[in-house]
2 protein chains.
Amino acid sequence: MSSARQPAPTRPTSRDVARAAGVSQATVSLVLGGKWRGRVSTSTAERVRGSARELGYRPNFAARSLRMGRTRTALLVVPALTNEFFARVYTGAAAVAAEHDFGVVLYPSPDGTGPARDPFASARAALDGVIASSMAADALGALRGAELPLVMLDSDPEDHGAAARVNLDIADGMRQVTEHLLGLGHRRFTHLASAVDTWTFAVRARALREAVESVPGAVLHTVTAPLDVTAGREAAEKILSSPGPLPTALVCDDDILAAGACKAVRRRGLRVPDDISVTGFDDLALATAVEPELTTVRLPAEQVGERGMTALLDVLEGRRAEPGDLPVRLVARGSTAPPPRA
Amino acid sequence: MSSARQPAPTRPTSRDVARAAGVSQATVSLVLGGKWRGRVSTSTAERVRGSARELGYRPNFAARSLRMGRTRTALLVVPALTNEFFARVYTGAAAVAAEHDFGVVLYPSPDGTGPARDPFASARAALDGVIASSMAADALGALRGAELPLVMLDSDPEDHGAAARVNLDIADGMRQVTEHLLGLGHRRFTHLASAVDTWTFAVRARALREAVESVPGAVLHTVTAPLDVTAGREAAEKILSSPGPLPTALVCDDDILAAGACKAVRRRGLRVPDDISVTGFDDLALATAVEPELTTVRLPAEQVGERGMTALLDVLEGRRAEPGDLPVRLVARGSTAPPPRA
DNA sequence: GCCTCGACGTTATACGTAAAACCCCGAGGT
DNA sequence: ACCTCGGGGTTTTACGTATAACGTCGAGGC
């Protein structure tokens, strides 16, 4: 069956480079490792680098990390990559990692379906650290146990146990939304909230409530829904068919829910934003794809990934990761307008 | 500064397990490797497994792959994760990989921005194989050079050089779209095509052209645009403002473009689908978020990933990967209707 | 009684790298 | 003349695993 042994096109090793350059393997390691100043002459170093380039030498990663005990690999734990926000977080983290010759491996926790597997089983190599979204609830337990440097994304500042934390100024975002709507004249709000119980959403709820309560005569109701378009539409339909005066503004925890809400409004024969204003959160691609385009809060997702990775690198190097929330910005578009004269 | 040396909470090694079980390290390796039948007694094997479990032993991945020369890691090369389609491909591939104790690491090729980096630089470990989308054009060159088992996704069947191939039956999808529209009575088509020049899009164009040409009196124009909502809208606006009779159906290469096209139609004061029908491709979440919901072709993205990974595993085991295109299905929704009487 | 043989292990080795420990040699000090 | 010192390397070792090669011991054949 399989008898033909290949002519072994094995990758060149540091020893091959050494042979080619006429030095020992150790010298190659020193030169390529960058710590040769004062130990190897410049000319020899240059010769070694030349041979390495010629042979197309690439250090064997397994050997290196076996020797060093560090893998230059981080685990990013997110709920699901199909959520554009987290795909962008990954992109940002991977970009910073690449600059520092680091790798990022993913653990998208199996959302509902499938067994809640060990987040570390997905990591091929041993890990140097972990970056985890607080929304990946099912994996957080195992993460605490491990003695790994942990950077939390968008998690409760009160909750210690992480080496660093990267947060968005969600509260400010929600305040901007509310002030925008109040400024337009809205007084009857309904909060279409995510059913997921995590810090970010709790903050949204609180900031909205506080902003509304500070205005005499303004009222706020709340309805929750899972994070998908259909669920958002159904929840909004329930709102619109409940007795009493309709809200004039639907404040949604997420663009997905907002898209669903818009559909519900129109199915009721009403118009967005003429009859009811709708706001989203996140500024996904979706926000400008629907009509009217959504007034929403732009979250710098890539920056979250970048800062997360940077913080992890800081922790690994023994530096202190600088804190500070990332600012967010209201993007006013077509889904909000003054309430109807009524 | 950093003087306190930790009490070394190093992970237990196979030697620790050996000590605990009162055997040699080799025996531990045999037992845990599963090839102990006839070499180790059942009772000893059981004892070893017990100690391993107690100590929480997890084999050192770096050491293992150094010894074995295989890393049980595959590289998935895609254009961008923020494209929902590829996020789903990843999800499918990762799921199958996990079942076989394999890992998947990503190379999302930097779309335009940033230097076109070496796809292998992102791979921490040496790789056992590669799965690559034909849309990741910038990385394909380097992939050819490497002597790695390569599985291509959605690539030209004529193009040899891959060990296996996983394709969607794109042509059939486009035929379904065209027949749906022809059946509704449409005769004037414009193809809003992706500006990206890859096999999938070439197939879409050909299938559409052939299907339209087979009907006497049916006409087809083509306009291309980059894959984003705004570009789609602008391209569609150009179509709608060009002289001559307007098309009654806009066939788009992608849901993103279709969403943009819908916006263009309405900006012109026309309605979808009453005045102009619009079709998409992919069935992204977007398709049901916009209004009207898009008639589109559902692509089994997760299955593409699953089949891709399965094929790679087959190749690695020396098995023959079974070929066969994945079927796709038209999903008729609200963006298509009979053309206006006119 | 000697040889064989299978069952059950053990000892030894190699994978490719980083880095500690060592070595050699010529210049400079006394 | 002898010792020191530092520049420019080399030798050696260890990382944790998989596995080839090697023992040992008791039963069974002749």
# chains A, B, ... in the order shown; residues from 1 in each chain; ligands from 1
call {"tool": "closest_atom_pairs", "arguments": {"of": "chain B", "to": "chain D", "cutoff": "10 Å", "atoms": "only C-alpha atoms (C1' of nucleotides)", "output": "CSV"}}
result
residue,atom,partner,partner_atom,distance
B:Thr13,CA,D:DG16,C1',6.9
B:Ser14,CA,D:DG16,C1',7.5
B:Arg15,CA,D:DG16,C1',8.5
B:Gln25,CA,D:DT17,C1',9.3
B:Ala26,CA,D:DA18,C1',8.1
B:Ser29,CA,D:DA18,C1',6.9
B:Leu30,CA,D:DA18,C1',8.1
B:Gly33,CA,D:DA18,C1',8.7
B:Pro59,CA,D:DT17,C1',8.2
B:Asn60,CA,D:DG16,C1',6.5
B:Phe61,CA,D:DG16,C1',8.9
B:Ala62,CA,D:DG16,C1',8.1
B:Ala63,CA,D:DG16,C1',5.0
B:Arg64,CA,D:DT17,C1',5.1
B:Ser65,CA,D:DT17,C1',8.4
B:Leu66,CA,D:DT17,C1',8.1
B:Arg67,CA,D:DT17,C1',6.2
B:Met68,CA,D:DA18,C1',7.2
call {"tool": "write_last_selection", "arguments": {"atoms": "N, CA and C atoms", "output": "compact mmCIF listing (two decimals), in the first residue's frame"}}
result
# COMPACT_ATOMS: atom_id res chain seq x y z
N THR B 13 3.96 16.10 34.20
CA THR B 13 4.43 15.49 32.97
C THR B 13 4.14 14.00 33.01
N SER B 14 4.43 13.34 31.93
CA SER B 14 4.19 11.90 31.91
C SER B 14 5.09 11.20 32.93
N ARG B 15 6.20 11.82 33.25
CA ARG B 15 7.08 11.21 34.24
C ARG B 15 6.47 11.27 35.63
N GLN B 25 8.22 5.96 32.51
CA GLN B 25 7.57 6.95 31.65
C GLN B 25 7.11 6.31 30.35
N ALA B 26 7.89 5.39 29.85
CA ALA B 26 7.53 4.74 28.58
C ALA B 26 6.18 4.05 28.70
N SER B 29 3.38 6.44 28.43
CA SER B 29 3.19 6.85 27.05
C SER B 29 2.44 5.78 26.27
N LEU B 30 2.82 4.54 26.49
CA LEU B 30 2.15 3.44 25.79
C LEU B 30 0.68 3.38 26.15
N GLY B 33 -1.23 6.40 25.03
CA GLY B 33 -1.26 6.46 23.57
C GLY B 33 -2.17 5.41 22.97
N PRO B 59 -1.10 15.93 28.13
CA PRO B 59 0.18 15.83 27.43
C PRO B 59 0.65 17.18 26.92
N ASN B 60 1.92 17.40 27.01
CA ASN B 60 2.51 18.63 26.51
C ASN B 60 2.49 18.59 24.99
N PHE B 61 1.74 19.54 24.45
CA PHE B 61 1.52 19.50 23.01
C PHE B 61 2.80 19.76 22.22
N ALA B 62 3.61 20.66 22.72
CA ALA B 62 4.84 20.99 22.00
C ALA B 62 5.74 19.76 21.92
N ALA B 63 5.89 19.08 23.03
CA ALA B 63 6.76 17.91 23.05
C ALA B 63 6.23 16.84 22.10
N ARG B 64 4.94 16.63 22.16
CA ARG B 64 4.36 15.61 21.33
C ARG B 64 4.59 15.90 19.85
N SER B 65 4.34 17.14 19.47
CA SER B 65 4.44 17.38 18.04
C SER B 65 5.90 17.48 17.60
N LEU B 66 6.76 17.81 18.52
CA LEU B 66 8.19 17.78 18.18
C LEU B 66 8.58 16.33 17.87
N ARG B 67 8.15 15.43 18.75
CA ARG B 67 8.48 14.02 18.58
C ARG B 67 7.84 13.44 17.31
N MET B 68 6.59 13.74 17.12
CA MET B 68 5.83 13.07 16.06
C MET B 68 5.95 13.76 14.71
call {"tool": "interface_residues", "arguments": {"of": "chain C", "to": "chain A", "cutoff": "10 Å", "atoms": "only C-alpha atoms (C1' of nucleotides)", "output": "PDB file with N, CA and C atoms (P, O5', C5', C4', C3', O3' and C1' of nucleotides), in the first residue's frame"}}
result
ATOM      1  P    DC C  15      17.238  13.262  15.355  1.00  0.00           P
ATOM      2  O5'  DC C  15      15.920  14.144  15.254  1.00  0.00           O
ATOM      3  C5'  DC C  15      14.620  13.597  15.024  1.00  0.00           C
ATOM      4  C4'  DC C  15      13.596  14.513  15.645  1.00  0.00           C
ATOM      5  C3'  DC C  15      14.033  15.976  15.657  1.00  0.00           C
ATOM      6  O3'  DC C  15      13.523  16.616  14.496  1.00  0.00           O
ATOM      7  C1'  DC C  15      12.997  15.303  17.733  1.00  0.00           C
ATOM      8  P    DG C  16      14.570  17.473  13.585  1.00  0.00           P
ATOM      9  O5'  DG C  16      14.582  18.842  14.404  1.00  0.00           O
ATOM     10  C5'  DG C  16      13.391  19.624  14.437  1.00  0.00           C
ATOM     11  C4'  DG C  16      13.602  20.814  15.330  1.00  0.00           C
ATOM     12  C3'  DG C  16      14.786  21.699  14.945  1.00  0.00           C
ATOM     13  O3'  DG C  16      14.336  23.036  14.987  1.00  0.00           O
ATOM     14  C1'  DG C  16      14.969  21.030  17.205  1.00  0.00           C
ATOM     15  P    DT C  17      15.309  24.274  14.762  1.00  0.00           P
ATOM     16  O5'  DT C  17      15.410  24.818  16.239  1.00  0.00           O
ATOM     17  C5'  DT C  17      14.228  25.280  16.867  1.00  0.00           C
ATOM     18  C4'  DT C  17      14.477  25.518  18.333  1.00  0.00           C
ATOM     19  C3'  DT C  17      15.459  26.645  18.617  1.00  0.00           C
ATOM     20  O3'  DT C  17      14.695  27.738  19.107  1.00  0.00           O
ATOM     21  C1'  DT C  17      15.807  24.717  20.025  1.00  0.00           C
ATOM     22  P    DA C  18      15.432  29.125  19.407  1.00  0.00           P
ATOM     23  O5'  DA C  18      15.909  28.939  20.925  1.00  0.00           O
ATOM     24  C5'  DA C  18      14.924  28.912  21.928  1.00  0.00           C
ATOM     25  C4'  DA C  18      15.575  28.898  23.291  1.00  0.00           C
ATOM     26  C3'  DA C  18      16.472  30.092  23.593  1.00  0.00           C
ATOM     27  O3'  DA C  18      16.189  30.443  24.927  1.00  0.00           O
ATOM     28  C1'  DA C  18      17.720  28.074  23.776  1.00  0.00           C
ATOM     29  P    DA C  19      16.799  31.732  25.598  1.00  0.00           P
ATOM     30  O5'  DA C  19      18.006  31.130  26.426  1.00  0.00           O
ATOM     31  C5'  DA C  19      17.713  30.162  27.422  1.00  0.00           C
ATOM     32  C4'  DA C  19      19.004  29.615  27.943  1.00  0.00           C
ATOM     33  C3'  DA C  19      20.076  30.685  28.178  1.00  0.00           C
ATOM     34  O3'  DA C  19      20.773  30.302  29.349  1.00  0.00           O
ATOM     35  C1'  DA C  19      20.934  29.022  26.843  1.00  0.00           C
TER      36       DA C  19
END
call {"tool": "interface_residues", "arguments": {"of": "chain A", "to": "chain B", "cutoff": "6 Å", "atoms": "only C-alpha atoms", "output": "list in words"}}
result
Phe61, Ala62, Ala63, Leu66, Leu81, Thr82, Glu84, Ala87, Gly103, Val105, Arg124, Ala125, Ala259, Ala289 and Val290 of chain A
call {"tool": "calpha_fit_and_write", "arguments": {"fixed": "chain B", "moving": "chain A", "output": "compact mmCIF listing (two decimals) with C-alpha atoms, in the first residue's frame"}}
result
# COMPACT_ATOMS: atom_id res chain seq x y z
CA MET A 1 12.29 43.88 40.70
CA SER A 2 11.30 40.33 39.93
CA SER A 3 12.90 38.20 42.57
CA ALA A 4 10.12 36.03 43.93
CA ARG A 5 10.42 32.72 42.16
CA GLN A 6 7.07 31.01 42.12
CA PRO A 7 6.70 27.60 43.74
CA ALA A 8 6.60 26.27 40.20
CA PRO A 9 2.99 25.19 39.67
CA THR A 10 4.19 23.38 36.57
CA ARG A 11 1.81 21.05 34.85
CA PRO A 12 2.22 17.38 35.60
CA THR A 13 4.18 15.45 32.99
CA SER A 14 3.84 11.89 31.89
CA ARG A 15 6.69 11.08 34.26
CA ASP A 16 4.69 12.38 37.20
CA VAL A 17 1.85 10.14 36.19
CA ALA A 18 4.27 7.25 35.89
CA ARG A 19 5.58 7.85 39.39
CA ALA A 20 2.09 8.03 40.81
CA ALA A 21 1.05 4.82 39.11
CA GLY A 22 4.28 3.04 39.91
CA VAL A 23 5.25 2.37 36.33
CA SER A 24 7.69 3.80 33.83
CA GLN A 25 7.08 6.83 31.65
CA ALA A 26 7.00 4.65 28.58
CA THR A 27 4.09 2.68 29.96
CA VAL A 28 2.15 5.85 30.54
CA SER A 29 2.78 6.88 26.97
CA LEU A 30 1.65 3.51 25.68
CA VAL A 31 -1.51 3.45 27.72
CA LEU A 32 -2.57 7.00 27.06
CA GLY A 33 -1.60 6.64 23.42
CA GLY A 34 -4.04 3.75 23.12
CA LYS A 35 -1.60 1.24 21.67
CA TRP A 36 -1.17 -0.91 24.74
CA ARG A 37 -3.21 -3.92 23.72
CA GLY A 38 -1.04 -6.96 24.30
CA ARG A 39 1.73 -4.88 25.90
CA VAL A 40 0.24 -3.74 29.16
CA SER A 41 -2.21 -5.58 31.39
CA THR A 42 -5.69 -4.17 31.68
CA SER A 43 -5.31 -3.57 35.37
CA THR A 44 -2.12 -1.58 34.98
CA ALA A 45 -3.66 0.43 32.18
CA GLU A 46 -6.57 1.26 34.40
CA ARG A 47 -4.27 2.32 37.20
CA VAL A 48 -2.35 4.60 34.85
CA ARG A 49 -5.50 6.21 33.56
CA GLY A 50 -6.61 6.74 37.13
CA SER A 51 -3.43 8.54 38.11
CA ALA A 52 -3.55 10.64 34.98
CA ARG A 53 -7.06 11.75 35.75
CA GLU A 54 -6.23 12.48 39.36
CA LEU A 55 -3.26 14.63 38.51
CA GLY A 56 -5.15 16.36 35.75
CA TYR A 57 -2.51 15.32 33.27
CA ARG A 58 -2.64 16.90 29.84
CA PRO A 59 0.07 15.94 27.38
CA ASN A 60 2.49 18.70 26.51
CA PHE A 61 1.60 19.59 23.01
CA ALA A 62 4.97 21.01 22.06
CA ALA A 63 6.77 17.89 23.13
CA ARG A 64 4.33 15.66 21.36
CA SER A 65 4.52 17.44 18.07
CA LEU A 66 8.27 17.71 18.28
CA ARG A 67 8.44 13.98 18.70
CA MET A 68 5.83 13.08 16.13
CA GLY A 69 6.56 15.67 13.51
CA ARG A 70 2.87 16.36 13.18
CA THR A 71 1.03 19.12 14.89
CA ARG A 72 -2.59 18.19 14.42
CA THR A 73 -3.17 21.73 13.30
CA ALA A 74 -4.66 23.01 10.09
CA LEU A 75 -4.57 26.47 8.62
CA LEU A 76 -7.78 27.95 7.29
CA VAL A 77 -7.21 30.71 4.78
CA VAL A 78 -10.15 33.01 4.18
CA PRO A 79 -10.52 36.56 2.92
CA ALA A 80 -12.13 37.99 6.03
CA LEU A 81 -13.90 36.71 9.06
CA THR A 82 -16.23 39.67 9.16
CA ASN A 83 -17.89 38.10 6.19
CA GLU A 84 -20.53 35.96 7.85
CA PHE A 85 -20.10 33.24 5.27
CA PHE A 86 -16.50 32.62 6.22
CA ALA A 87 -17.18 32.88 9.92
CA ARG A 88 -19.60 30.03 9.41
CA VAL A 89 -17.10 28.07 7.37
CA TYR A 90 -14.67 28.40 10.22
CA THR A 91 -17.26 27.24 12.70
CA GLY A 92 -17.94 24.11 10.71
CA ALA A 93 -14.27 23.32 10.19
CA ALA A 94 -13.44 23.88 13.84
CA ALA A 95 -16.25 21.58 14.94
CA VAL A 96 -15.04 18.67 12.84
CA ALA A 97 -11.46 19.36 13.82
CA ALA A 98 -12.33 19.25 17.49
CA GLU A 99 -13.88 15.83 17.09
CA HIS A 100 -10.56 14.56 15.80
CA ASP A 101 -8.45 16.42 18.32
CA PHE A 102 -7.31 18.80 15.67
CA GLY A 103 -6.90 22.53 15.87
CA VAL A 104 -7.68 25.20 13.33
CA VAL A 105 -5.73 28.38 13.08
CA LEU A 106 -6.85 31.22 10.87
CA TYR A 107 -5.22 33.30 8.26
CA PRO A 108 -7.71 35.95 7.35
CA SER A 109 -5.85 37.59 4.53
CA PRO A 110 -5.59 41.30 5.13
CA ASP A 111 -8.25 42.62 2.81
CA GLY A 112 -6.51 45.40 1.02
CA THR A 113 -5.21 47.16 4.09
CA GLY A 114 -1.89 46.14 5.52
CA PRO A 115 0.96 44.27 3.89
CA ALA A 116 0.20 40.91 2.34
CA ARG A 117 1.98 38.91 4.98
CA ASP A 118 3.25 35.40 4.79
CA PRO A 119 0.29 33.16 5.54
CA PHE A 120 2.59 30.79 7.40
CA ALA A 121 3.91 33.42 9.71
CA SER A 122 0.53 33.49 11.38
CA ALA A 123 0.72 29.78 12.02
CA ARG A 124 2.41 29.27 15.32
CA ALA A 125 3.09 25.62 14.85
CA ALA A 126 4.19 23.86 11.77
CA LEU A 127 1.08 22.85 9.91
CA ASP A 128 -0.25 19.50 8.89
CA GLY A 129 -2.37 20.94 6.13
CA VAL A 130 -4.16 23.89 4.67
CA ILE A 131 -7.76 24.63 3.75
CA ALA A 132 -8.06 27.67 1.55
CA SER A 133 -10.86 29.61 0.01
CA SER A 134 -10.23 30.49 -3.58
CA MET A 135 -11.28 34.01 -2.66
CA ALA A 136 -8.13 34.52 -0.59
CA ALA A 137 -6.26 35.38 -3.73
CA ASP A 138 -3.31 37.11 -2.13
CA ALA A 139 -2.30 34.07 -0.13
CA LEU A 140 -2.68 31.43 -2.81
CA GLY A 141 0.75 31.92 -4.30
CA ALA A 142 2.61 31.08 -1.12
CA LEU A 143 0.32 28.12 -0.61
CA ARG A 144 1.33 26.53 -3.88
CA GLY A 145 4.96 26.69 -2.93
CA ALA A 146 4.56 24.88 0.35
CA GLU A 147 4.54 21.12 0.13
CA LEU A 148 1.46 20.88 2.32
CA PRO A 149 -1.72 18.95 1.72
CA LEU A 150 -4.10 21.55 0.36
CA VAL A 151 -7.88 21.52 0.27
CA MET A 152 -9.45 24.20 -1.87
CA LEU A 153 -12.89 25.62 -1.21
CA ASP A 154 -15.04 26.74 -4.09
CA SER A 155 -12.36 26.70 -6.69
CA ASP A 156 -12.16 25.87 -10.36
CA PRO A 157 -12.36 22.09 -10.84
CA GLU A 158 -10.05 22.44 -13.81
CA ASP A 159 -7.39 23.89 -11.64
CA HIS A 160 -5.37 20.95 -10.37
CA GLY A 161 -2.79 21.23 -7.65
CA ALA A 162 -5.03 20.72 -4.68
CA ALA A 163 -5.24 17.39 -2.91
CA ALA A 164 -8.97 17.79 -2.57
CA ARG A 165 -11.71 20.23 -3.36
CA VAL A 166 -15.01 21.15 -1.77
CA ASN A 167 -17.39 22.98 -4.01
CA LEU A 168 -20.91 24.28 -3.78
CA ASP A 169 -23.18 23.70 -6.69
CA ILE A 170 -23.25 27.38 -7.43
CA ALA A 171 -24.33 26.94 -11.02
CA ASP A 172 -27.41 25.07 -9.93
CA GLY A 173 -28.19 27.79 -7.42
CA MET A 174 -28.08 30.45 -10.05
CA ARG A 175 -30.22 28.33 -12.36
CA GLN A 176 -32.81 28.01 -9.62
CA VAL A 177 -32.84 31.78 -9.23
CA THR A 178 -33.22 32.36 -12.92
CA GLU A 179 -35.96 29.80 -13.35
CA HIS A 180 -37.79 31.26 -10.40
CA LEU A 181 -37.71 34.68 -12.02
CA LEU A 182 -38.52 33.41 -15.50
CA GLY A 183 -41.43 31.51 -14.03
CA LEU A 184 -42.74 34.71 -12.52
CA GLY A 185 -42.65 36.24 -16.00
CA HIS A 186 -39.48 38.30 -15.93
CA ARG A 187 -37.64 38.86 -19.19
CA ARG A 188 -35.42 41.90 -18.61
CA PHE A 189 -32.57 41.05 -16.22
CA THR A 190 -29.59 42.94 -14.93
CA HIS A 191 -26.84 41.05 -13.19
CA LEU A 192 -25.33 43.01 -10.31
CA ALA A 193 -22.06 41.11 -10.19
CA SER A 194 -19.19 41.07 -7.74
CA ALA A 195 -16.10 42.84 -8.97
CA VAL A 196 -14.00 40.08 -7.43
CA ASP A 197 -12.68 37.81 -10.11
CA THR A 198 -12.91 34.29 -8.75
CA TRP A 199 -14.39 31.02 -9.79
CA THR A 200 -17.64 31.26 -7.83
CA PHE A 201 -18.55 34.53 -9.39
CA ALA A 202 -17.57 33.43 -12.85
CA VAL A 203 -19.87 30.46 -12.44
CA ARG A 204 -22.74 32.64 -11.32
CA ALA A 205 -22.32 34.82 -14.39
CA ARG A 206 -22.17 31.93 -16.80
CA ALA A 207 -25.12 30.04 -15.32
CA LEU A 208 -27.25 33.15 -15.39
CA ARG A 209 -26.29 33.97 -18.95
CA GLU A 210 -26.98 30.48 -20.22
CA ALA A 211 -30.34 30.29 -18.49
CA VAL A 212 -31.44 33.64 -19.82
CA GLU A 213 -30.19 32.98 -23.33
CA SER A 214 -32.21 29.80 -23.52
CA VAL A 215 -35.38 31.88 -23.43
CA PRO A 216 -36.27 33.78 -26.62
CA GLY A 217 -36.74 37.47 -26.00
CA ALA A 218 -35.07 37.52 -22.62
CA VAL A 219 -32.27 40.05 -22.22
CA LEU A 220 -29.44 40.38 -19.74
CA HIS A 221 -27.16 43.22 -18.83
CA THR A 222 -24.32 43.17 -16.33
CA VAL A 223 -22.87 45.69 -13.91
CA THR A 224 -20.13 45.00 -11.38
CA ALA A 225 -19.51 46.35 -7.90
CA PRO A 226 -17.30 45.65 -4.88
CA LEU A 227 -18.92 43.60 -2.14
CA ASP A 228 -20.47 46.15 0.16
CA VAL A 229 -23.87 47.73 0.65
CA THR A 230 -22.94 51.19 -0.50
CA ALA A 231 -21.21 49.98 -3.62
CA GLY A 232 -24.21 47.83 -4.39
CA ARG A 233 -26.55 50.74 -3.98
CA GLU A 234 -24.48 53.01 -6.19
CA ALA A 235 -24.15 50.42 -8.91
CA ALA A 236 -27.88 49.81 -8.83
CA GLU A 237 -28.55 53.53 -9.02
CA LYS A 238 -26.49 53.67 -12.16
CA ILE A 239 -28.54 50.86 -13.62
CA LEU A 240 -31.79 52.58 -12.77
CA SER A 241 -30.75 55.90 -14.24
CA SER A 242 -29.46 54.53 -17.51
CA PRO A 243 -31.53 55.11 -20.66
CA GLY A 244 -33.78 52.49 -22.18
CA PRO A 245 -36.31 50.26 -20.47
CA LEU A 246 -35.53 49.34 -16.86
CA PRO A 247 -34.85 45.75 -15.94
CA THR A 248 -37.64 44.06 -14.01
CA ALA A 249 -35.26 41.84 -12.09
CA LEU A 250 -31.94 42.60 -10.42
CA VAL A 251 -29.98 39.41 -9.91
CA CYS A 252 -27.25 40.05 -7.36
CA ASP A 253 -24.15 37.96 -6.67
CA ASP A 254 -24.55 38.37 -2.96
CA ASP A 255 -27.04 39.39 -0.26
CA ILE A 256 -24.93 42.42 0.57
CA LEU A 257 -25.25 43.73 -2.96
CA ALA A 258 -28.93 42.87 -2.97
CA ALA A 259 -29.50 44.92 0.17
CA GLY A 260 -27.81 47.85 -1.53
CA ALA A 261 -29.86 47.31 -4.66
CA CYS A 262 -33.10 47.41 -2.68
CA LYS A 263 -32.14 50.74 -1.25
CA ALA A 264 -31.40 52.11 -4.70
CA VAL A 265 -34.75 50.95 -6.02
CA ARG A 266 -36.61 52.71 -3.25
CA ARG A 267 -34.58 55.88 -3.59
CA ARG A 268 -35.77 55.97 -7.19
CA GLY A 269 -39.31 55.93 -5.84
CA LEU A 270 -39.94 52.38 -6.95
CA ARG A 271 -40.97 49.41 -4.87
CA VAL A 272 -39.45 45.98 -4.26
CA PRO A 273 -40.82 43.61 -5.44
CA ASP A 274 -43.82 45.34 -7.08
CA ASP A 275 -41.80 47.32 -9.59
CA ILE A 276 -38.51 45.48 -9.52
CA SER A 277 -37.61 42.09 -8.13
CA VAL A 278 -34.27 41.63 -6.41
CA THR A 279 -32.45 38.41 -5.58
CA GLY A 280 -29.43 37.79 -3.43
CA PHE A 281 -27.06 34.91 -2.80
CA ASP A 282 -25.70 33.27 0.38
CA ASP A 283 -28.68 33.67 2.71
CA LEU A 284 -26.82 35.64 5.34
CA ALA A 285 -28.54 36.86 8.49
CA LEU A 286 -28.90 40.08 6.59
CA ALA A 287 -31.34 38.49 4.17
CA THR A 288 -34.10 38.25 6.73
CA ALA A 289 -33.21 41.47 8.48
CA VAL A 290 -33.99 43.76 5.57
CA GLU A 291 -37.41 44.48 4.22
CA PRO A 292 -38.69 42.91 2.18
CA GLU A 293 -36.85 39.76 3.13
CA LEU A 294 -34.59 38.64 0.31
CA THR A 295 -35.23 35.84 -2.08
CA THR A 296 -31.81 34.25 -2.12
CA VAL A 297 -29.85 31.01 -2.36
CA ARG A 298 -28.99 29.31 0.86
CA LEU A 299 -25.39 28.15 0.99
CA PRO A 300 -24.52 25.54 3.61
CA ALA A 301 -21.48 27.42 4.84
CA GLU A 302 -20.89 25.30 7.92
CA GLN A 303 -21.01 22.21 5.75
CA VAL A 304 -18.36 23.67 3.51
CA GLY A 305 -16.11 23.96 6.54
CA GLU A 306 -17.02 20.50 7.76
CA ARG A 307 -16.42 18.86 4.42
CA GLY A 308 -13.22 20.80 3.96
CA MET A 309 -11.85 19.61 7.26
CA THR A 310 -13.05 16.08 6.66
CA ALA A 311 -11.37 16.05 3.27
CA LEU A 312 -8.14 17.29 4.78
CA LEU A 313 -8.23 14.59 7.42
CA ASP A 314 -8.87 12.02 4.70
CA VAL A 315 -5.89 13.20 2.75
CA LEU A 316 -3.69 13.13 5.83
CA GLU A 317 -4.73 9.58 6.60
CA GLY A 318 -4.04 8.51 3.05
CA ARG A 319 -7.71 8.00 2.33
CA ARG A 320 -9.27 9.24 -0.83
CA ALA A 321 -11.51 12.22 -0.13
CA GLU A 322 -14.88 11.64 -1.70
CA PRO A 323 -15.80 14.40 -4.10
CA GLY A 324 -19.23 15.74 -4.95
CA ASP A 325 -20.65 19.23 -4.91
CA LEU A 326 -22.75 20.41 -2.02
CA PRO A 327 -26.32 21.16 -3.04
CA VAL A 328 -27.75 24.62 -2.58
CA ARG A 329 -31.35 25.71 -2.39
CA LEU A 330 -33.38 28.68 -3.50
CA VAL A 331 -35.25 30.37 -0.69
CA ALA A 332 -38.10 32.39 -2.13
CA ARG A 333 -39.07 35.32 0.06
CA GLY A 334 -40.53 38.76 -0.32
CA SER A 335 -38.15 40.46 -2.70
CA THR A 336 -39.43 38.73 -5.81
CA ALA A 337 -42.83 38.90 -7.51
CA PRO A 338 -44.24 38.94 -11.03
CA PRO A 339 -43.09 41.94 -13.05
CA PRO A 340 -45.49 44.91 -13.31
CA ARG A 341 -48.17 44.65 -16.05
CA ALA A 342 -46.75 47.74 -17.73
call {"tool": "select_by_dssp", "arguments": {"residues": "stretch 30-158 of chain A", "states": "strand (DSSP E)", "output": "ChimeraX atom specification"}}
result
/A:73-78,103-108,129-133,150-153
call {"tool": "select_by_dssp", "arguments": {"residues": "stretch 78-184 of chain A", "states": "alpha helix (DSSP H)", "output": "JSON, numbers by chain"}}
result
{"A": [84, 85, 86, 87, 88, 89, 90, 91, 92, 93, 94, 95, 96, 97, 98, 99, 137, 138, 139, 140, 141, 142, 143, 144, 145, 170, 171, 172, 173, 174, 175, 176, 177, 178, 179, 180, 181, 182, 183, 184]}
